[in-house]
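**Q** Compact mmCIF, C-alpha atoms, saved as query.txt, coming up:
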```txt
# COMPACT_ATOMS: atom_id res chain seq x y z
CA MET C 1 59.41 -31.24 43.58
CA GLN C 2 59.31 -35.00 42.99
CA LEU C 3 55.63 -34.76 42.08
CA ALA C 4 56.31 -31.99 39.55
CA THR C 5 59.11 -34.02 37.96
CA HIS C 6 56.82 -37.06 37.76
CA LEU C 7 54.06 -35.02 36.14
CA LYS C 8 56.51 -33.61 33.56
CA SER C 9 57.66 -37.12 32.56
CA LEU C 10 54.12 -38.50 32.35
CA PRO C 11 53.35 -37.35 28.76
CA LYS C 12 56.59 -38.99 27.56
CA ALA C 13 55.68 -42.22 29.30
CA ILE C 14 52.19 -42.18 27.76
CA ALA C 15 53.65 -41.46 24.33
CA LEU C 16 56.18 -44.29 24.69
CA THR C 17 53.50 -46.71 25.82
CA GLY C 18 51.34 -45.72 22.84
CA LEU C 19 54.23 -46.19 20.43
CA LEU C 20 54.99 -49.64 21.82
CA GLY C 21 51.31 -50.51 21.52
CA LEU C 22 51.24 -49.43 17.89
CA LEU C 23 54.38 -51.47 17.19
CA ALA C 24 52.82 -54.52 18.82
CA VAL C 25 49.64 -54.16 16.75
CA SER C 26 51.67 -53.59 13.61
CA THR C 27 53.94 -56.57 14.29
CA GLY C 28 50.93 -58.78 15.03
CA ALA C 29 49.25 -57.76 11.80
CA PHE C 30 52.46 -58.43 9.87
CA ALA C 31 52.89 -61.86 11.43
CA GLN C 32 49.36 -62.99 10.68
CA LYS C 33 49.31 -65.20 7.57
CA THR C 34 46.57 -65.61 5.03
CA GLN C 35 45.38 -69.21 5.15
CA LEU C 36 44.20 -70.95 1.99
CA LEU C 37 42.13 -74.12 2.07
CA VAL C 38 43.38 -76.20 -0.87
CA TYR C 39 41.72 -79.46 -1.91
CA THR C 40 44.19 -81.90 -3.45
CA ALA C 41 44.78 -85.45 -4.65
CA LEU C 42 48.55 -84.98 -4.70
CA GLU C 43 50.55 -87.76 -3.11
CA THR C 44 51.27 -87.09 0.55
CA ASP C 45 55.02 -87.40 -0.04
CA GLN C 46 54.90 -84.52 -2.57
CA LEU C 47 53.01 -81.92 -0.53
CA LYS C 48 55.88 -80.72 1.67
CA ALA C 49 58.20 -79.86 -1.22
CA TYR C 50 55.48 -77.97 -3.10
CA GLN C 51 54.42 -76.04 -0.01
CA GLU C 52 58.02 -75.09 0.79
CA GLY C 53 58.60 -73.99 -2.81
CA PHE C 54 55.57 -71.75 -2.72
CA ASN C 55 56.45 -70.29 0.69
CA LYS C 56 59.90 -69.28 -0.50
CA VAL C 57 58.22 -66.61 -2.64
CA ASN C 58 55.04 -66.16 -0.59
CA PRO C 59 55.95 -66.62 3.09
CA ASP C 60 52.84 -64.75 4.22
CA ILE C 61 50.40 -67.33 2.78
CA GLU C 62 49.76 -70.62 4.57
CA ILE C 63 48.29 -73.64 2.81
CA LYS C 64 45.92 -75.95 4.64
CA TRP C 65 45.54 -79.14 2.59
CA VAL C 66 42.46 -81.34 2.35
CA ARG C 67 43.77 -84.52 0.72
CA ASP C 68 42.11 -87.67 -0.61
CA SER C 69 41.90 -89.72 -3.81
CA THR C 70 40.67 -87.94 -6.92
CA GLY C 71 37.18 -89.44 -6.94
CA VAL C 72 36.64 -88.65 -3.27
CA ILE C 73 37.83 -85.04 -3.67
CA THR C 74 35.68 -84.60 -6.79
CA ALA C 75 32.59 -85.93 -4.97
CA LYS C 76 33.33 -83.69 -1.96
CA LEU C 77 33.59 -80.58 -4.14
CA LEU C 78 30.34 -81.40 -5.94
CA ALA C 79 28.58 -82.02 -2.63
CA GLU C 80 29.73 -78.61 -1.39
CA LYS C 81 28.60 -76.77 -4.53
CA SER C 82 25.95 -74.72 -2.70
CA ASN C 83 28.28 -74.02 0.22
CA PRO C 84 31.85 -74.02 -1.14
CA GLN C 85 34.70 -74.45 1.32
CA ALA C 86 37.83 -74.65 -0.85
CA ASP C 87 39.79 -71.64 -2.03
CA ALA C 88 41.69 -73.62 -4.66
CA VAL C 89 41.97 -77.08 -6.15
CA MET C 90 45.53 -78.25 -6.84
CA GLY C 91 46.80 -81.56 -8.15
CA VAL C 92 43.36 -82.88 -9.06
CA ALA C 93 42.58 -84.53 -12.42
CA ALA C 94 41.84 -82.19 -15.33
CA SER C 95 38.86 -84.41 -16.19
CA SER C 96 37.44 -83.60 -12.74
CA LEU C 97 38.16 -79.88 -13.12
CA ALA C 98 36.44 -79.90 -16.53
CA LEU C 99 33.38 -81.32 -14.75
CA LEU C 100 33.53 -78.62 -12.05
CA ASP C 101 33.87 -75.98 -14.76
CA LYS C 102 30.70 -77.24 -16.46
CA GLN C 103 28.98 -76.86 -13.07
CA GLY C 104 30.08 -73.20 -12.91
CA MET C 105 32.27 -73.84 -9.87
CA LEU C 106 35.61 -72.45 -11.07
CA GLU C 107 36.95 -68.88 -11.28
CA PRO C 108 38.70 -68.34 -14.64
CA TYR C 109 42.21 -66.89 -14.32
CA ALA C 110 45.17 -66.56 -16.67
CA PRO C 111 48.29 -67.00 -14.50
CA ILE C 112 51.36 -64.97 -15.41
CA ASN C 113 53.11 -68.09 -16.77
CA LEU C 114 50.21 -69.30 -18.93
CA ASP C 115 52.04 -68.76 -22.22
CA GLY C 116 54.68 -71.27 -21.12
CA ILE C 117 52.13 -74.07 -20.72
CA MET C 118 51.57 -76.30 -23.75
CA SER C 119 48.12 -75.85 -25.29
CA GLN C 120 47.20 -79.54 -24.95
CA TYR C 121 47.80 -79.31 -21.20
CA ARG C 122 45.39 -76.45 -20.33
CA ASP C 123 41.77 -75.41 -20.67
CA LYS C 124 41.23 -74.16 -24.23
CA LYS C 125 39.41 -70.95 -23.23
CA LYS C 126 41.35 -67.67 -23.58
CA VAL C 127 41.05 -67.13 -19.84
CA PRO C 128 41.28 -70.74 -18.64
CA ALA C 129 39.25 -72.26 -15.85
CA TRP C 130 42.14 -74.64 -15.14
CA PHE C 131 45.69 -75.40 -16.25
CA GLY C 132 47.84 -78.50 -16.06
CA MET C 133 50.81 -79.05 -13.79
CA ASP C 134 52.06 -82.42 -15.01
CA VAL C 135 50.94 -85.63 -16.70
CA TRP C 136 50.40 -88.79 -14.68
CA GLY C 137 49.78 -91.93 -16.63
CA ALA C 138 49.29 -95.66 -16.54
CA THR C 139 51.78 -98.35 -15.79
CA VAL C 140 51.57 -101.92 -14.51
CA CYS C 141 53.80 -102.73 -11.55
CA PHE C 142 54.81 -106.38 -11.97
CA ASN C 143 56.57 -108.40 -9.27
CA THR C 144 59.28 -110.31 -11.13
CA VAL C 145 60.48 -112.33 -8.10
CA GLU C 146 57.05 -113.77 -7.28
CA ALA C 147 56.30 -114.28 -10.98
CA LYS C 148 59.47 -116.33 -11.40
CA LYS C 149 58.48 -118.54 -8.48
CA LYS C 150 55.11 -119.18 -10.15
CA ASN C 151 56.58 -119.41 -13.67
CA ILE C 152 54.28 -116.60 -14.90
CA PRO C 153 55.54 -114.37 -17.75
CA THR C 154 55.67 -110.59 -17.68
CA PRO C 155 52.66 -109.14 -19.57
CA GLU C 156 53.32 -106.81 -22.49
CA THR C 157 49.81 -105.64 -23.39
CA TRP C 158 46.49 -104.85 -21.76
CA GLN C 159 45.04 -107.90 -23.49
CA ASP C 160 47.70 -110.10 -21.87
CA LEU C 161 46.20 -109.33 -18.47
CA THR C 162 42.99 -111.11 -19.47
CA LYS C 163 44.79 -114.45 -19.99
CA PRO C 164 43.86 -117.24 -17.53
CA ILE C 165 47.42 -117.41 -16.17
CA TYR C 166 46.87 -114.06 -14.39
CA LYS C 167 43.61 -115.07 -12.69
CA GLY C 168 43.48 -113.67 -9.16
CA GLN C 169 46.83 -111.91 -9.62
CA VAL C 170 45.72 -108.44 -10.82
CA VAL C 171 44.65 -105.43 -8.74
CA MET C 172 43.56 -102.02 -10.01
CA PRO C 173 41.95 -98.83 -8.67
CA ASN C 174 38.19 -98.33 -8.59
CA PRO C 175 37.46 -95.50 -11.08
CA ALA C 176 34.80 -93.96 -8.82
CA SER C 177 37.41 -93.42 -6.10
CA SER C 178 40.62 -93.01 -8.06
CA GLY C 179 41.59 -90.72 -10.91
CA THR C 180 44.07 -93.38 -12.02
CA GLY C 181 41.25 -95.92 -12.24
CA TYR C 182 39.07 -93.48 -14.17
CA PHE C 183 41.71 -92.70 -16.80
CA ASP C 184 42.34 -96.45 -17.23
CA VAL C 185 38.65 -97.01 -17.95
CA THR C 186 38.30 -94.03 -20.31
CA ALA C 187 41.47 -95.08 -22.13
CA TRP C 188 40.17 -98.62 -22.66
CA LEU C 189 36.87 -97.23 -23.94
CA THR C 190 38.83 -94.93 -26.28
CA LEU C 191 41.10 -97.73 -27.48
CA PHE C 192 38.62 -100.59 -27.76
CA GLY C 193 35.19 -98.91 -28.10
CA ASP C 194 32.38 -97.65 -25.87
CA LYS C 195 28.91 -97.86 -27.54
CA ASP C 196 26.99 -97.22 -24.30
CA GLY C 197 28.11 -100.32 -22.48
CA LYS C 198 28.26 -102.68 -25.47
CA GLY C 199 31.59 -101.78 -27.09
CA GLY C 200 34.94 -103.55 -27.05
CA GLY C 201 36.12 -101.55 -24.07
CA TRP C 202 33.42 -103.04 -21.89
CA LYS C 203 34.08 -106.52 -23.26
CA TYR C 204 37.74 -106.01 -22.37
CA MET C 205 36.83 -104.97 -18.81
CA ASP C 206 34.49 -108.00 -18.52
CA ALA C 207 37.44 -110.26 -19.34
CA LEU C 208 39.84 -108.36 -17.08
CA HIS C 209 37.33 -108.55 -14.22
CA GLU C 210 37.66 -112.35 -14.28
CA ASN C 211 41.33 -111.95 -13.28
CA ILE C 212 40.92 -109.07 -10.82
CA ALA C 213 41.52 -109.94 -7.17
CA GLN C 214 40.49 -106.53 -5.84
CA TYR C 215 39.63 -102.97 -6.84
CA THR C 216 41.27 -100.47 -4.48
CA HIS C 217 40.30 -96.92 -3.53
CA SER C 218 43.81 -95.58 -4.24
CA GLY C 219 45.84 -95.33 -7.43
CA SER C 220 49.06 -96.02 -5.52
CA LYS C 221 47.86 -99.07 -3.61
CA PRO C 222 47.93 -101.61 -6.50
CA CYS C 223 51.61 -100.84 -7.10
CA ASN C 224 52.36 -101.08 -3.39
CA MET C 225 50.58 -104.44 -3.26
CA ALA C 226 52.62 -105.72 -6.22
CA ALA C 227 55.82 -104.36 -4.66
CA SER C 228 55.14 -106.31 -1.45
CA GLY C 229 54.38 -109.51 -3.39
CA GLU C 230 50.75 -109.66 -2.28
CA PHE C 231 49.73 -109.78 -5.96
CA LEU C 232 51.77 -110.01 -9.15
CA ALA C 233 50.33 -107.15 -11.20
CA GLY C 234 49.18 -103.77 -9.91
CA ILE C 235 47.63 -101.39 -12.43
CA SER C 236 48.85 -98.05 -11.16
CA PHE C 237 50.67 -94.92 -12.38
CA GLU C 238 54.27 -94.15 -13.27
CA TYR C 239 55.20 -91.94 -10.29
CA ARG C 240 54.37 -94.62 -7.73
CA GLY C 241 55.97 -97.34 -9.86
CA ASN C 242 59.18 -95.36 -10.38
CA ALA C 243 59.34 -94.41 -6.68
CA ASN C 244 58.80 -98.00 -5.48
CA LYS C 245 61.35 -99.46 -7.87
CA ALA C 246 63.88 -96.77 -6.89
CA LYS C 247 63.46 -97.90 -3.27
CA GLY C 248 64.41 -101.44 -4.28
CA ALA C 249 61.02 -103.08 -4.82
CA PRO C 250 61.34 -106.23 -7.02
CA ILE C 251 59.07 -104.89 -9.76
CA ASP C 252 59.28 -104.11 -13.44
CA LEU C 253 57.24 -101.26 -14.86
CA VAL C 254 55.17 -102.46 -17.84
CA PHE C 255 53.80 -99.88 -20.28
CA PRO C 256 51.21 -101.82 -22.32
CA LYS C 257 51.75 -101.51 -26.06
CA GLU C 258 48.18 -100.54 -27.05
CA GLY C 259 48.56 -97.14 -25.37
CA LEU C 260 48.43 -95.55 -21.93
CA GLY C 261 45.61 -93.79 -20.14
CA TRP C 262 46.57 -90.53 -18.49
CA ASP C 263 45.30 -87.33 -16.98
CA LEU C 264 46.74 -84.03 -15.83
CA GLU C 265 47.37 -82.99 -12.29
CA ALA C 266 45.81 -79.58 -12.64
CA PHE C 267 45.11 -76.32 -10.80
CA ALA C 268 41.97 -74.20 -10.52
CA ILE C 269 40.61 -71.37 -8.40
CA HIS C 270 37.33 -72.19 -6.69
CA LYS C 271 34.59 -69.70 -7.44
CA GLY C 272 33.45 -67.79 -4.38
CA THR C 273 36.81 -67.71 -2.57
CA LYS C 274 37.13 -64.68 -0.31
CA LYS C 275 40.91 -64.74 -0.70
CA LEU C 276 41.20 -64.21 -4.45
CA ASP C 277 44.43 -62.18 -4.37
CA ALA C 278 46.23 -64.85 -2.36
CA VAL C 279 44.87 -67.68 -4.52
CA LYS C 280 46.08 -65.88 -7.66
CA LYS C 281 49.58 -65.83 -6.14
CA LEU C 282 49.33 -69.60 -5.66
CA ALA C 283 48.15 -69.99 -9.28
CA ASP C 284 51.05 -67.85 -10.53
CA TRP C 285 53.51 -70.00 -8.60
CA ALA C 286 51.87 -73.32 -9.59
CA SER C 287 52.31 -72.38 -13.27
CA SER C 288 55.91 -71.18 -12.85
CA LYS C 289 59.14 -72.73 -14.04
CA ASP C 290 60.25 -73.27 -10.42
CA ALA C 291 57.09 -75.24 -9.68
CA MET C 292 57.37 -77.24 -12.90
CA MET C 293 60.91 -78.26 -11.96
CA LEU C 294 59.57 -79.63 -8.68
CA TYR C 295 56.82 -81.53 -10.53
CA GLY C 296 59.50 -82.87 -12.88
CA LYS C 297 61.22 -84.63 -10.01
CA ASN C 298 58.16 -86.89 -9.80
CA PHE C 299 56.73 -87.02 -13.33
CA ALA C 300 58.19 -87.47 -16.79
CA ILE C 301 56.07 -84.76 -18.44
CA THR C 302 55.41 -81.27 -17.12
CA ALA C 303 52.94 -78.77 -18.59
CA GLN C 304 55.84 -76.47 -19.41
CA PRO C 305 58.09 -78.47 -21.77
CA GLY C 306 61.69 -79.45 -21.20
CA LEU C 307 61.77 -79.10 -17.42
CA ALA C 308 61.46 -82.75 -16.37
CA PRO C 309 64.70 -84.75 -16.27
CA PRO C 310 64.44 -88.37 -17.46
CA LEU C 311 63.02 -90.75 -14.84
CA ALA C 312 65.12 -93.89 -14.47
CA ASN C 313 62.32 -96.40 -15.02
CA VAL C 314 60.11 -94.50 -17.48
CA PRO C 315 60.77 -94.81 -21.26
CA LYS C 316 62.04 -91.72 -23.07
CA ASP C 317 59.18 -91.93 -25.61
CA TYR C 318 56.59 -92.05 -22.83
CA GLU C 319 54.65 -89.03 -24.12
CA SER C 320 54.16 -90.62 -27.54
CA ARG C 321 52.55 -93.69 -25.90
CA LEU C 322 49.69 -91.71 -24.33
CA VAL C 323 46.18 -92.34 -25.64
CA LYS C 324 44.50 -89.28 -27.14
CA MET C 325 42.25 -88.19 -24.29
CA ASP C 326 39.29 -85.79 -24.42
CA PHE C 327 38.78 -84.29 -20.96
CA ASN C 328 35.43 -82.75 -21.88
CA TRP C 329 34.17 -86.14 -23.07
CA ALA C 330 35.49 -87.73 -19.87
CA ALA C 331 33.64 -85.09 -17.83
CA ASP C 332 30.39 -85.29 -19.82
CA ASN C 333 30.25 -89.09 -19.61
CA ARG C 334 31.62 -89.57 -16.10
CA GLU C 335 28.28 -90.30 -14.42
CA ARG C 336 27.20 -92.80 -17.11
CA ILE C 337 30.56 -94.58 -17.22
CA LEU C 338 30.85 -94.90 -13.44
CA ALA C 339 27.26 -96.14 -13.11
CA GLU C 340 27.89 -98.85 -15.71
CA TRP C 341 31.25 -99.80 -14.21
CA THR C 342 29.80 -99.99 -10.68
CA LYS C 343 26.89 -102.16 -11.83
CA ARG C 344 29.23 -104.63 -13.51
CA TYR C 345 32.31 -104.81 -11.30
CA ASN C 346 31.86 -103.22 -7.88
CA SER C 347 31.47 -106.56 -6.11
CA LYS C 348 35.28 -106.90 -5.95
CA THR C 349 35.94 -103.43 -4.52
CA GLU C 350 37.76 -103.35 -1.18
CA LYS C 351 35.77 -102.28 1.86
CA LYS C 352 36.31 -98.68 3.00
```
Now that the file is in, can you turn its structure into C-alpha cells?
**A**
Amino acid sequence: MQLATHLKSLPKAIALTGLLGLLAVSTGAFAQKTQLLVYTALETDQLKAYQEGFNKVNPDIEIKWVRDSTGVITAKLLAEKSNPQADAVMGVAASSLALLDKQGMLEPYAPINLDGIMSQYRDKKKVPAWFGMDVWGATVCFNTVEAKKKNIPTPETWQDLTKPIYKGQVVMPNPASSGTGYFDVTAWLTLFGDKDGKGGGWKYMDALHENIAQYTHSGSKPCNMAASGEFLAGISFEYRGNANKAKGAPIDLVFPKEGLGWDLEAFAIHKGTKKLDAVKKLADWASSKDAMMLYGKNFAITAQPGLAPPLANVPKDYESRLVKMDFNWAADNRERILAEWTKRYNSKTEKK
C-alpha cells in the first residue's frame, strides 16, 4: 500500500522538481547582466554618478570602465584597431573621436535625444559618428598665497605666462598624453598661427617652454600642483579648478583674455561591438536631459543647452570666450603637431 501511494505521488514530485528547475534557470537568466566595456577619460570622481544615473533606467546593463588620460586612451584604441576591445567610448575628446571616425572605427548612430544637442557640439553627419556631452575648457589655476609671498602678480593673458617673473613656476599637461594639453596647443596655433612649425603659435610655445617646470601626463595634475603650492601656475581645465577651489584651495581661476582652448567630452559606439542593442541604450541615456543635468554639475556648458547651473568660479560669459575650434583639423593634424611638439619640448615631461 505504501509503495503504491509513493508511486502515485512520484509524477507530482518530478513535475514539481522540473518546475523549480525551470524557475531557477529563468531567474538566473534574468539576473545575468549585459556587461559593456567602455573606454573613458572621464575624471574618476565623476564615474560613479554617471553609472548610477544610467543604471536607474537600465539596471540590467553593467559598465566596466577602462580609464586613462585622453591621449593614452586614444593611443590604446588606435593600437587595438585590428582587434577592437571596447564596446563604447564615453567622455573622450571629440577631436580624438573625429580621428577614430576617419579610421573607420566608429558605428554611426542617431540617439533618440539627438535633436536636443546643439549642432556645434556633435558630428555634422546626418547619422553622427559621435555626439558631445559637455564642453571642458582651459583655465590657469594660480596660487595666490604663494604668489603673494614671492610678490608675483596674477597673470591675465597667455602672453603674461612667458614673462621672466614666472620662470620655473608654470606646469601644463603634455598634449600627447592629455586632451587638455592638446586643446591648449591647438588653441594657441589657432590664435597665434601655425605655418608648419614656424608660426606665432610655435614661437609662443618656445617662449612658454622657458618658464615651464614640468609637463604632466594628466590635465588635472597641474591644477592640483598649483593648489598644493608646489608651483604657482597650473594650466588645467575649469572642472578641476572649480572643484579644487570649492574644497578651499588657495587658488584663483584665470581665464586668459586671448581666448580659451576647449574640447568636448563626447560619446561614440565602437564599430564591431557584439552588444549593439545595449550600447544604443547607453547612447540614448548619455544624450538625455537626465544625463546632461549630471554633466552640468561639473561643467558650465552641456551639449543640450540650458541644463547647466552656473558654476561658482566660472564666468557667466565662459562660452563666448572659447576659441573657434575645428575638430576635423585637430584630428587631421594631430600626428604632425604632436611630433613637432615632442621634438621641441618633451625634455621637460615628467617620467611615467
**Q** To one decimal place, how far is atom CA of Ala227 of chain C from atom CA of Asp252 of chain C in Å?
**A** 9.4 Å
**Q** Return the single residue from C:Lys195, C:His217, C:Lys56, C:His270 that is closest to Asn174 of chain C, with distances computed using only C-alpha atoms.
**A** C:His217
**Q** For a quick check of understanding, using all atoms listed in the file, which of C:Gln85, C:Thr162, C:Ser220, C:Thr74 has the smallest distance to Leu100 of chain C?
**A** C:Thr74
**Q** For atom CA of Ala93 of chain C and atom CA of Lys271 of chain C, determine how far apart the two atoms are, in Å to one decimal place.
**A**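 Between atom CA of Ala93 of chain C and atom CA of Lys271 of chain C the gap is 17.6 Å.
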**Q** Report the distance between atom CA of Pro164 of chain C and atom CA of Pro222 of chain C in Å, rounded to one decimal place.
**A**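 Spanning atom CA of Pro164 of chain C to atom CA of Pro222 of chain C is a straight-line distance of 19.6 Å.
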**Q** When distances are computed from all atoms listed in the file, which of C:Pro111, C:Gly132, C:Gly137, C:Gly199 shows the smallest separation from Phe255 of chain C?
**A**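 Closest to Phe255 of chain C of all the choices is C:Gly137.
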**Q** Write out as a list in words which residues come within 9 Å of Lys33 of chain C when counting only C-alpha atoms, dropping same-chain ones fewer than 5 positions away.
**A**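 The residues that qualify are Pro59, Asp60, Ile61 and Glu62 of chain C.
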**Q** Find the residues around segment 150-154 of chain C up to 10 Å (only C-alpha atoms counted), leave out those fewer than 2 positions away in its own chain, and share them as number ranges by chain.
**A** C: 142-148, 156-157, 160-161, 165-166, 232-233, 252-254
**Q** Compile the contact shell of Thr302 of chain C as a list in words: residues with an atom at most 10 Å away, counting all atoms listed in the file, same-chain residues fewer than 6 positions apart removed.
**A** Ile117, Met118, Tyr121, Gly132, Met133, Asp134, Val135, Trp136, Leu264, Glu265, Lys289, Ala291, Met292, Met293, Leu294, Tyr295, Gly296, Ala308 and Pro309 of chain C
**Q** Under the rule that only C-alpha atoms are counted, which of C:Trp130, C:Thr34, C:Ile337, C:Asn242 is the nearest residue to Lys198 of chain C?
**A**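 Comparing C:Trp130, C:Thr34, C:Ile337, C:Asn242 against Lys198 of chain C, the winner is C:Ile337.
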**Q** Go through C:Leu208, C:Ala98, C:Val279, C:Val38 and flag the residue nearest Asn58 of chain C, using only C-alpha atoms for the distances.
**A**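 Using only C-alpha atoms, Asn58 of chain C sits closest to C:Val279.
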**Q** Using all atoms listed in the file, find the one residue out of C:Ala86, C:Trp202, C:Ser228, C:Ala339 that sits nearest to Lys247 of chain C.
**A**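 Nearest candidate to Lys247 of chain C out of C:Ala86, C:Trp202, C:Ser228, C:Ala339: C:Ser228.
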**Q** Go ahead and find all residues with at least one atom no further than 12 Å from (34.2, -83.3, -11.1) in the file's coordinates, using all atoms listed in the file; report them as a PyMOL selection string.
**A** chain C and resi 70-81+89+92-106+176-177+179+182+268+327-328+330-335
**Q** Can you tell me which residues surround Pro108 of chain C at a distance of at most 6 Å, considering all atoms listed in the file, apart from same-chain residues fewer than 6 positions away, and format the answer as a list in words?
**A**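 Near neighbours after the sequence-gap exclusion: Val127, Pro128 and Ala129 of chain C.
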**Q** Would you compute, for all listed atoms of segment 104-111 of chain C, the axis-aligned bounding box grown by 5 Å on each side, and then report its centre and edge lengths in Å rounded to one decimal, as AutoDock Vina command-line options?
**A**
```
--center_x 39.2 --center_y -70.2 --center_z -13.3 --size_x 28.2 --size_y 17.3 --size_z 16.8
```
**Q** The residues within 12 Å of (52.0, -103.3, -2.4), using only C-alpha atoms and the coordinates of the file, should be reported as a ChimeraX atom specification; which are they?
**A** /C:141-143,170-172,216,218-236,240-241,244-245,249-251
**Q** Regenerate segment 125-140 of chain C at the level of N, CA, C and O atoms and dump it as an mmCIF file, keeping the file's coordinate frame.
**A**
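Contents of selection_33.cif, as written:
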```
data_model
loop_
_atom_site.group_PDB
_atom_site.id
_atom_site.type_symbol
_atom_site.label_atom_id
_atom_site.label_comp_id
_atom_site.auth_asym_id
_atom_site.auth_seq_id
_atom_site.Cartn_x
_atom_site.Cartn_y
_atom_site.Cartn_z
ATOM 1 N N LYS C 125 39.947 -72.308 -23.230
ATOM 2 C CA LYS C 125 39.410 -70.950 -23.230
ATOM 3 C C LYS C 125 40.539 -69.928 -23.071
ATOM 4 O O LYS C 125 41.571 -70.222 -22.457
ATOM 5 N N LYS C 126 40.323 -68.713 -23.626
ATOM 6 C CA LYS C 126 41.350 -67.670 -23.580
ATOM 7 C C LYS C 126 41.762 -67.378 -22.148
ATOM 8 O O LYS C 126 42.948 -67.251 -21.827
ATOM 9 N N VAL C 127 40.782 -67.218 -21.281
ATOM 10 C CA VAL C 127 41.050 -67.130 -19.840
ATOM 11 C C VAL C 127 40.642 -68.479 -19.258
ATOM 12 O O VAL C 127 39.453 -68.767 -19.105
ATOM 13 N N PRO C 128 41.607 -69.338 -18.975
ATOM 14 C CA PRO C 128 41.280 -70.740 -18.640
ATOM 15 C C PRO C 128 40.667 -70.892 -17.255
ATOM 16 O O PRO C 128 40.966 -70.137 -16.334
ATOM 17 N N ALA C 129 39.804 -71.900 -17.149
ATOM 18 C CA ALA C 129 39.250 -72.260 -15.850
ATOM 19 C C ALA C 129 40.238 -73.121 -15.065
ATOM 20 O O ALA C 129 40.183 -73.176 -13.837
ATOM 21 N N TRP C 130 41.140 -73.801 -15.789
ATOM 22 C CA TRP C 130 42.140 -74.640 -15.140
ATOM 23 C C TRP C 130 43.365 -74.758 -16.042
ATOM 24 O O TRP C 130 43.285 -74.514 -17.243
ATOM 25 N N PHE C 131 44.480 -75.118 -15.457
ATOM 26 C CA PHE C 131 45.690 -75.400 -16.250
ATOM 27 C C PHE C 131 46.406 -76.599 -15.643
ATOM 28 O O PHE C 131 46.288 -76.890 -14.449
ATOM 29 N N GLY C 132 47.147 -77.301 -16.492
ATOM 30 C CA GLY C 132 47.840 -78.500 -16.060
ATOM 31 C C GLY C 132 49.155 -78.200 -15.360
ATOM 32 O O GLY C 132 49.805 -77.186 -15.629
ATOM 33 N N MET C 133 49.518 -79.104 -14.476
ATOM 34 C CA MET C 133 50.810 -79.050 -13.790
ATOM 35 C C MET C 133 51.754 -80.097 -14.390
ATOM 36 O O MET C 133 52.879 -79.784 -14.774
ATOM 37 N N ASP C 134 51.265 -81.324 -14.484
ATOM 38 C CA ASP C 134 52.060 -82.420 -15.010
ATOM 39 C C ASP C 134 51.127 -83.543 -15.447
ATOM 40 O O ASP C 134 49.955 -83.568 -15.084
ATOM 41 N N VAL C 135 51.679 -84.455 -16.241
ATOM 42 C CA VAL C 135 50.940 -85.630 -16.700
ATOM 43 C C VAL C 135 51.225 -86.789 -15.759
ATOM 44 O O VAL C 135 52.380 -87.023 -15.382
ATOM 45 N N TRP C 136 50.148 -87.500 -15.339
ATOM 46 C CA TRP C 136 50.400 -88.790 -14.680
ATOM 47 C C TRP C 136 49.650 -89.843 -15.473
ATOM 48 O O TRP C 136 48.539 -89.609 -15.945
ATOM 49 N N GLY C 137 50.335 -90.950 -15.705
ATOM 50 C CA GLY C 137 49.780 -91.930 -16.630
ATOM 51 C C GLY C 137 49.990 -93.369 -16.174
ATOM 52 O O GLY C 137 50.675 -93.657 -15.184
ATOM 53 N N ALA C 138 49.401 -94.263 -16.940
ATOM 54 C CA ALA C 138 49.290 -95.660 -16.540
ATOM 55 C C ALA C 138 50.609 -96.415 -16.615
ATOM 56 O O ALA C 138 51.438 -96.175 -17.505
ATOM 57 N N THR C 139 50.760 -97.312 -15.702
ATOM 58 C CA THR C 139 51.780 -98.350 -15.790
ATOM 59 C C THR C 139 51.270 -99.572 -15.018
ATOM 60 O O THR C 139 50.338 -99.450 -14.207
ATOM 61 N N VAL C 140 51.862 -100.707 -15.278
ATOM 62 C CA VAL C 140 51.570 -101.920 -14.510
ATOM 63 C C VAL C 140 52.822 -102.272 -13.727
ATOM 64 O O VAL C 140 53.894 -102.470 -14.298
#
```
